[in-house]
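**Q** There's a structure below that I have some questions on.
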Amino acid sequence: MATGWHETVVEHLMGRLERAARVLCVEPRSPQNLVGPLSRLAGWPIPGHGPARELIKTITSRLDEAEPGVLITPHDLRTAAERHPALDGRSRPMPQSLLDAIAAIDVRISRLSPPILRQAAVDLQVTRGEVDTAIREAFQAGRRRPANTTSRSQLRRLDEPEQAGEDEHSFAHRVWGALPDPDLDDVAAQGVLHRAVRARVATLGDLFLRITEGPVVPVAWWCPPDGYHREARKDTDPLIALAWCRVPGAPQPLHARVTPHRVSPAELRRLAPFCTASPHAREHQPMYWEVGWTAGGVFQQYCGATEPTLAAAQFAAAEAITDLRTRPRELRLPASGGLLDPRTKNSRPHAQPRIFDLNDILRAVRDQHRAERTHHAGGRPPLLWPVLPHTSAAGMSNSIVAHLLHRSDVPLPDPDAPANTAPPTDEAFISYLTSHAVVVTPLALAYLEGMGDAGPDPRPLAEHHAAGMLKVLASRTHDGLDLLARETPALPAQVPDHVLLDLDWLHQWLPLSDDIDSRGRSR
């Protein structure tokens with residue numbers, strides 16, 4: 001225990017350069033020695049002695065003292081670089097430490113002569129996609145610049161080239177035509193390459209910030225043998241790496257896996273170095289990582305993304321696992337909507353509840369009715385829905401109540417659970433919903449309970465809906481308050497109650513255009 005506390009304190013007191021050296025196993029710990037390992041992690045070639053290496057050293061040195069939690073997304077620094085110096089309304093405010101780092105890189109780039117700037121872009125392997133983005137941003141910056149510049153502060157920047165009345169397509173054509181020139185004489189091409197190099201270096205800065213944000217959970221990766229994916233999965237992507245990690249209090253571990261990222265021809269072109277005539281095979285295969293759970297033999301993804309290398313994908317997965325382990329009681333299984341760590345009677349509330357009112361339930365009924373109309377159009381007989389049990393022996397939704405709730409990602413009770421044979425207002429059913437932080441309002445429960453009044457035998461949706469609405473209308477007023485008006489959109493004037501029993505009326509009363517969130521709302 002003391003050792004862990006000591007290591008945590010030491011980690012906290014370290015600068016980011018020291019933390020990066022520890023993660024990348026580099027000695028001695030200096031910006032010079034980080035260039036190679038950081039480039040390999042990003043899938044870049046290691047630049048030799050020259051401006052490219054100096055730019056990488058500059059960005060890591062300036063980010064050494066960046067405050068913890070400075071990154072909100074994995075690409076904040078790159079976003080700041082692409083839109084430097086003015087972050088307009090498309091971007092949220094950036095921390096000053098990030099802006100200072102970009103400004104320092106900007107100054108270094110501006111001091112490079114055009115031929116050296118081009119060589120730095122070649123050494124950094126600036127991609128065609130990065131040049132396309134730089135062209136677009138440079139063109140837009142030129143359009144925003146005042147037509148008459150009178151003060152020194154309004155003078156044109158190098159990365160805001162003159163456009164000579166061109167449209168964006170002509171401007172891009174001119175820039176691409178000038179980039180092969182080793183002397184880079186065209187001013188527009190100089191400005192675009194300035195932007196592209198700045199964004200490229202910032203990409204590595206984002207990676208540096210991520211690996212130095214703090215300790216991540218150690219993950220033991222297993223490399224499965226060839227053919228493992230054919231037995232364990234239905235797709236053909238080979239599993240490159242697998243890992244499992246226990247979550248305190250959860251009945252099942254987190255499951256991480258890495259597969260090759262399929263690169264389309266268009267993406268391959270964007271990823272190719274700008275100085276190549278055509279796309280070519282990349283030295284490093286991009287990888288897709290995902291973290292989730294395996295339930296019933298089926299993997300349920302919670303999060304995932306593409307990284308440039310296997311090592312970067314494994315680190316990103318470990319980052320996600322570290323974050324998820326800090327809040328296990330808030331996590332819901334993606335497929336079922338149930339909590340990974342369900343509540344018990346003695347546990348304190350932990351996950352934010354998902355609240356479903358009558359409006360949510362009626363919208364689920366409307367959507368089910370739309371699906372059934374398509375079903376009937378094919379000449380099939382109407383679907384008949386039982387009242388109980390809620391879940392079939394095969395684990396599928398069986399009752400009309402379970403089907404409507406499951407459409408909104410409310411988990412189904414286990415076939416042998418007491419809640420499975422309990423009416424919606426029964427304590428066993430309410431307790432089950434509570435264990436997964438799901439709350440159904442009293443009026444919505446009255447509707448669900450009333451659906452059973454249609455009869456014990458399986459019935460069409462229309463009969464269940466009419467019975468449910470009759471129950472709602474019977475309890476419509478309470479202490480002089482119209483509960484229906486509090487949970488549903490206002491009804492047109494002089495609409496008789498019997499109209500609410502008609503399923504077709506739901507499509508007028510609750511149009512799709514008014515849907516904000518049919519999956520339940522947290523309040």
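The way I read the labels, and the way they are meant: chains A, B, ... in the order of the structure tokens, residue 1 as the first residue of every chain, and ligand 1 as the first ligand shown, with later ones counted on from there.
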Excluding same-chain residues fewer than 5 positions from segment 490-494 of chain A, what lies within 12 Å of it counting only C-alpha atoms, as a list in words?
**A** Asn359, Asp482, Leu483, Leu484, Ala485, Val499, Leu500, Trp505, Leu506, Gln508, Trp509 and Leu510 of chain A
**Q** Please dump the current selection as a PDB file, in the first residue's frame; keep N, CA and C atoms.
**A**
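Result saved to again-v2.pdb:
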ATOM      1  N   ASN A 359     -44.962   9.966 -22.137  1.00  0.00           N
ATOM      2  CA  ASN A 359     -44.586  10.409 -23.469  1.00  0.00           C
ATOM      3  C   ASN A 359     -43.588   9.433 -24.108  1.00  0.00           C
ATOM      4  N   ASP A 482     -54.040  17.870 -14.039  1.00  0.00           N
ATOM      5  CA  ASP A 482     -54.136  17.022 -15.217  1.00  0.00           C
ATOM      6  C   ASP A 482     -52.757  16.404 -15.461  1.00  0.00           C
ATOM      7  N   LEU A 483     -52.537  15.163 -14.966  1.00  0.00           N
ATOM      8  CA  LEU A 483     -51.233  14.518 -15.099  1.00  0.00           C
ATOM      9  C   LEU A 483     -50.900  14.224 -16.553  1.00  0.00           C
ATOM     10  N   LEU A 484     -51.920  13.960 -17.390  1.00  0.00           N
ATOM     11  CA  LEU A 484     -51.671  13.676 -18.789  1.00  0.00           C
ATOM     12  C   LEU A 484     -50.993  14.867 -19.462  1.00  0.00           C
ATOM     13  N   ALA A 485     -51.452  16.061 -19.168  1.00  0.00           N
ATOM     14  CA  ALA A 485     -50.875  17.263 -19.776  1.00  0.00           C
ATOM     15  C   ALA A 485     -49.445  17.506 -19.298  1.00  0.00           C
ATOM     16  N   VAL A 499     -60.740   9.355 -28.721  1.00  0.00           N
ATOM     17  CA  VAL A 499     -59.764   9.441 -29.814  1.00  0.00           C
ATOM     18  C   VAL A 499     -58.399   8.933 -29.347  1.00  0.00           C
ATOM     19  N   LEU A 500     -58.085   9.120 -28.063  1.00  0.00           N
ATOM     20  CA  LEU A 500     -56.779   8.712 -27.542  1.00  0.00           C
ATOM     21  C   LEU A 500     -56.619   7.192 -27.522  1.00  0.00           C
ATOM     22  N   TRP A 505     -54.121   7.734 -34.091  1.00  0.00           N
ATOM     23  CA  TRP A 505     -54.077   9.101 -33.564  1.00  0.00           C
ATOM     24  C   TRP A 505     -52.692   9.440 -32.996  1.00  0.00           C
ATOM     25  N   LEU A 506     -51.977   8.422 -32.505  1.00  0.00           N
ATOM     26  CA  LEU A 506     -50.651   8.687 -31.938  1.00  0.00           C
ATOM     27  C   LEU A 506     -49.720   9.350 -32.953  1.00  0.00           C
ATOM     28  N   GLN A 508     -50.438  11.487 -35.198  1.00  0.00           N
ATOM     29  CA  GLN A 508     -50.734  12.924 -35.298  1.00  0.00           C
ATOM     30  C   GLN A 508     -50.340  13.652 -34.011  1.00  0.00           C
ATOM     31  N   TRP A 509     -50.606  13.003 -32.895  1.00  0.00           N
ATOM     32  CA  TRP A 509     -50.354  13.635 -31.595  1.00  0.00           C
ATOM     33  C   TRP A 509     -48.850  13.693 -31.288  1.00  0.00           C
ATOM     34  N   LEU A 510     -48.128  12.652 -31.687  1.00  0.00           N
ATOM     35  CA  LEU A 510     -46.698  12.557 -31.386  1.00  0.00           C
ATOM     36  C   LEU A 510     -45.919  12.379 -32.685  1.00  0.00           C
TER      37      LEU A 510
END
**Q** For segment 114-122 of chain A, find every residue with an atom within 12 Å (counting only C-alpha atoms), except residues of its own chain fewer than 6 positions away, and show them as a VMD selection string.
**A** chain A and resid 44 to 56 106 108 128 130 to 131 158 178 to 201 272 to 276
**Q** Can you list, as a list in words, every protein, DNA or RNA residue that comes within 8 Å of segment 362-371 of chain A when you count only C-alpha atoms, leaving out same-chain residues fewer than 3 positions away?
**A**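 Answer for this query is Leu358, Asn359, Thr374, His375, Leu404, Leu405, Arg407, Ser408, Leu461, His465, Leu503, Leu506, His507, Leu510 and Ser518 of chain A.
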**Q** Please identify the strand (DSSP E or B) residues within segment 249-491 of chain A (assignment by DSSP from backbone atoms) and present them as a PyMOL selection string.
**A** chain A and resi 254-260+273+287-295+298-307+332+339+354-356+385+391+397+438-440+459+477-478+481-482
**Q** Would you save the residues of that selection, restricted to C-alpha atoms, as a CSV table (one decimal), in the first residue's frame?
**A**
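And here's again.csv as it stands now:
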chain,number,residue,atom,x,y,z
A,254,LEU,CA,-13.9,-5.5,-19.4
A,255,HIS,CA,-12.8,-7.0,-22.7
A,256,ALA,CA,-10.4,-5.1,-25.0
A,257,ARG,CA,-9.4,-6.2,-28.5
A,258,VAL,CA,-7.4,-4.8,-31.4
A,259,THR,CA,-8.1,-5.5,-35.1
A,260,PRO,CA,-6.6,-4.1,-38.3
A,273,PRO,CA,2.8,11.5,-48.0
A,287,MET,CA,-5.3,-0.5,-35.9
A,288,TYR,CA,-8.8,-0.3,-34.4
A,289,TRP,CA,-9.2,-0.9,-30.7
A,290,GLU,CA,-12.4,-1.4,-28.8
A,291,VAL,CA,-13.4,-1.9,-25.2
A,292,GLY,CA,-16.6,-3.5,-24.0
A,293,TRP,CA,-18.0,-6.7,-22.5
A,294,THR,CA,-18.8,-10.1,-23.8
A,295,ALA,CA,-22.3,-11.2,-22.8
A,298,VAL,CA,-21.5,-11.7,-28.1
A,299,PHE,CA,-19.1,-8.7,-27.7
A,300,GLN,CA,-20.7,-5.4,-26.8
A,301,GLN,CA,-18.6,-2.4,-27.7
A,302,TYR,CA,-18.6,0.5,-25.3
A,303,CYS,CA,-16.0,2.6,-27.0
A,304,GLY,CA,-13.3,2.4,-29.7
A,305,ALA,CA,-11.2,4.3,-32.2
A,306,THR,CA,-8.5,4.0,-34.8
A,307,GLU,CA,-4.8,4.5,-34.0
A,332,ARG,CA,-24.4,0.5,-18.9
A,339,LEU,CA,-25.9,-1.5,-15.4
A,354,ARG,CA,-32.9,7.1,-16.7
A,355,ILE,CA,-36.5,8.3,-16.3
A,356,PHE,CA,-39.3,7.3,-18.7
A,385,TRP,CA,-48.6,-9.9,-27.6
A,391,THR,CA,-38.7,-12.5,-21.0
A,397,SER,CA,-38.6,-9.9,-25.0
A,438,VAL,CA,-34.4,3.0,-14.4
A,439,VAL,CA,-37.4,5.0,-13.2
A,440,VAL,CA,-40.9,4.8,-14.8
A,459,ARG,CA,-53.7,-9.6,-27.9
A,477,THR,CA,-56.9,14.0,-12.6
A,478,HIS,CA,-55.4,13.9,-9.2
A,481,LEU,CA,-54.0,18.4,-11.7
A,482,ASP,CA,-54.1,17.0,-15.2
**Q** As a PyMOL selection string, please: the residues near segment 19-36 of chain A (cut-off 12 Å, only C-alpha atoms, same-chain neighbours under 5 positions excluded).
**A** chain A and resi 8+10-14+41-50+52-65+124+201+204-205+207-216+218+311-312+315
**Q** In terms of the shortest atom-to-atom distance over only C-alpha atoms, which of A:Pro442, A:Pro37, A:Pro458, A:Ala417 is closest to Pro386 of chain A?
**A**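 Ranking A:Pro442, A:Pro37, A:Pro458, A:Ala417 by distance to Pro386 of chain A, first place goes to A:Pro458.
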**Q** To one decimal place, how far is atom CA of Ser435 of chain A from atom CA of Ala394 of chain A in Å?
**A**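 Between these atoms lies a distance of 22.2 Å.
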**Q** Find the residues around segment 414-416 of chain A up to 9 Å (only C-alpha atoms counted), leave out those fewer than 2 positions away in its own chain, and share them as a list in words.
**A** Pro389, His390, Thr391, Ser392, Ala393, Ala394, Gly395, Leu412, Pro418, Ala419, Asn420 and Thr421 of chain A
**Q** Take the residues that were just selected and, keeping N, CA, C and O atoms, output them as a PDB file, in the first residue's frame.
**A**
ATOM      1  N   PRO A 389     -44.889 -14.147 -19.498  1.00  0.00           N
ATOM      2  CA  PRO A 389     -43.770 -13.508 -18.811  1.00  0.00           C
ATOM      3  C   PRO A 389     -43.116 -12.456 -19.705  1.00  0.00           C
ATOM      4  O   PRO A 389     -43.337 -12.423 -20.915  1.00  0.00           O
ATOM      5  N   HIS A 390     -42.287 -11.602 -19.093  1.00  0.00           N
ATOM      6  CA  HIS A 390     -41.673 -10.523 -19.851  1.00  0.00           C
ATOM      7  C   HIS A 390     -40.557 -11.024 -20.765  1.00  0.00           C
ATOM      8  O   HIS A 390     -40.381 -10.513 -21.871  1.00  0.00           O
ATOM      9  N   THR A 391     -39.806 -12.017 -20.294  1.00  0.00           N
ATOM     10  CA  THR A 391     -38.663 -12.535 -21.049  1.00  0.00           C
ATOM     11  C   THR A 391     -38.883 -14.010 -21.341  1.00  0.00           C
ATOM     12  O   THR A 391     -39.289 -14.771 -20.459  1.00  0.00           O
ATOM     13  N   SER A 392     -38.620 -14.406 -22.567  1.00  0.00           N
ATOM     14  CA  SER A 392     -38.777 -15.810 -22.945  1.00  0.00           C
ATOM     15  C   SER A 392     -37.612 -16.634 -22.403  1.00  0.00           C
ATOM     16  O   SER A 392     -36.609 -16.100 -21.933  1.00  0.00           O
ATOM     17  N   ALA A 393     -37.741 -17.949 -22.486  1.00  0.00           N
ATOM     18  CA  ALA A 393     -36.667 -18.833 -22.022  1.00  0.00           C
ATOM     19  C   ALA A 393     -35.386 -18.614 -22.810  1.00  0.00           C
ATOM     20  O   ALA A 393     -34.281 -18.859 -22.309  1.00  0.00           O
ATOM     21  N   ALA A 394     -35.504 -18.096 -24.047  1.00  0.00           N
ATOM     22  CA  ALA A 394     -34.328 -17.821 -24.873  1.00  0.00           C
ATOM     23  C   ALA A 394     -33.712 -16.460 -24.588  1.00  0.00           C
ATOM     24  O   ALA A 394     -32.741 -16.078 -25.237  1.00  0.00           O
ATOM     25  N   GLY A 395     -34.301 -15.724 -23.611  1.00  0.00           N
ATOM     26  CA  GLY A 395     -33.750 -14.419 -23.254  1.00  0.00           C
ATOM     27  C   GLY A 395     -34.227 -13.282 -24.131  1.00  0.00           C
ATOM     28  O   GLY A 395     -33.638 -12.186 -24.105  1.00  0.00           O
ATOM     29  N   LEU A 412     -33.899  -6.404 -19.962  1.00  0.00           N
ATOM     30  CA  LEU A 412     -34.907  -7.427 -19.690  1.00  0.00           C
ATOM     31  C   LEU A 412     -34.532  -8.207 -18.434  1.00  0.00           C
ATOM     32  O   LEU A 412     -33.350  -8.482 -18.200  1.00  0.00           O
ATOM     33  N   PRO A 418     -37.766 -13.162 -10.262  1.00  0.00           N
ATOM     34  CA  PRO A 418     -39.150 -12.875  -9.841  1.00  0.00           C
ATOM     35  C   PRO A 418     -39.801 -11.779 -10.673  1.00  0.00           C
ATOM     36  O   PRO A 418     -41.014 -11.825 -10.920  1.00  0.00           O
ATOM     37  N   ALA A 419     -39.009 -10.796 -11.128  1.00  0.00           N
ATOM     38  CA  ALA A 419     -39.575  -9.695 -11.908  1.00  0.00           C
ATOM     39  C   ALA A 419     -40.140 -10.173 -13.238  1.00  0.00           C
ATOM     40  O   ALA A 419     -40.992  -9.489 -13.835  1.00  0.00           O
ATOM     41  N   ASN A 420     -39.708 -11.322 -13.704  1.00  0.00           N
ATOM     42  CA  ASN A 420     -40.124 -11.770 -15.033  1.00  0.00           C
ATOM     43  C   ASN A 420     -41.597 -12.121 -15.098  1.00  0.00           C
ATOM     44  O   ASN A 420     -42.212 -12.039 -16.164  1.00  0.00           O
ATOM     45  N   THR A 421     -42.178 -12.500 -13.983  1.00  0.00           N
ATOM     46  CA  THR A 421     -43.601 -12.866 -13.974  1.00  0.00           C
ATOM     47  C   THR A 421     -44.434 -11.890 -13.153  1.00  0.00           C
ATOM     48  O   THR A 421     -45.565 -12.198 -12.782  1.00  0.00           O
TER      49      THR A 421
END
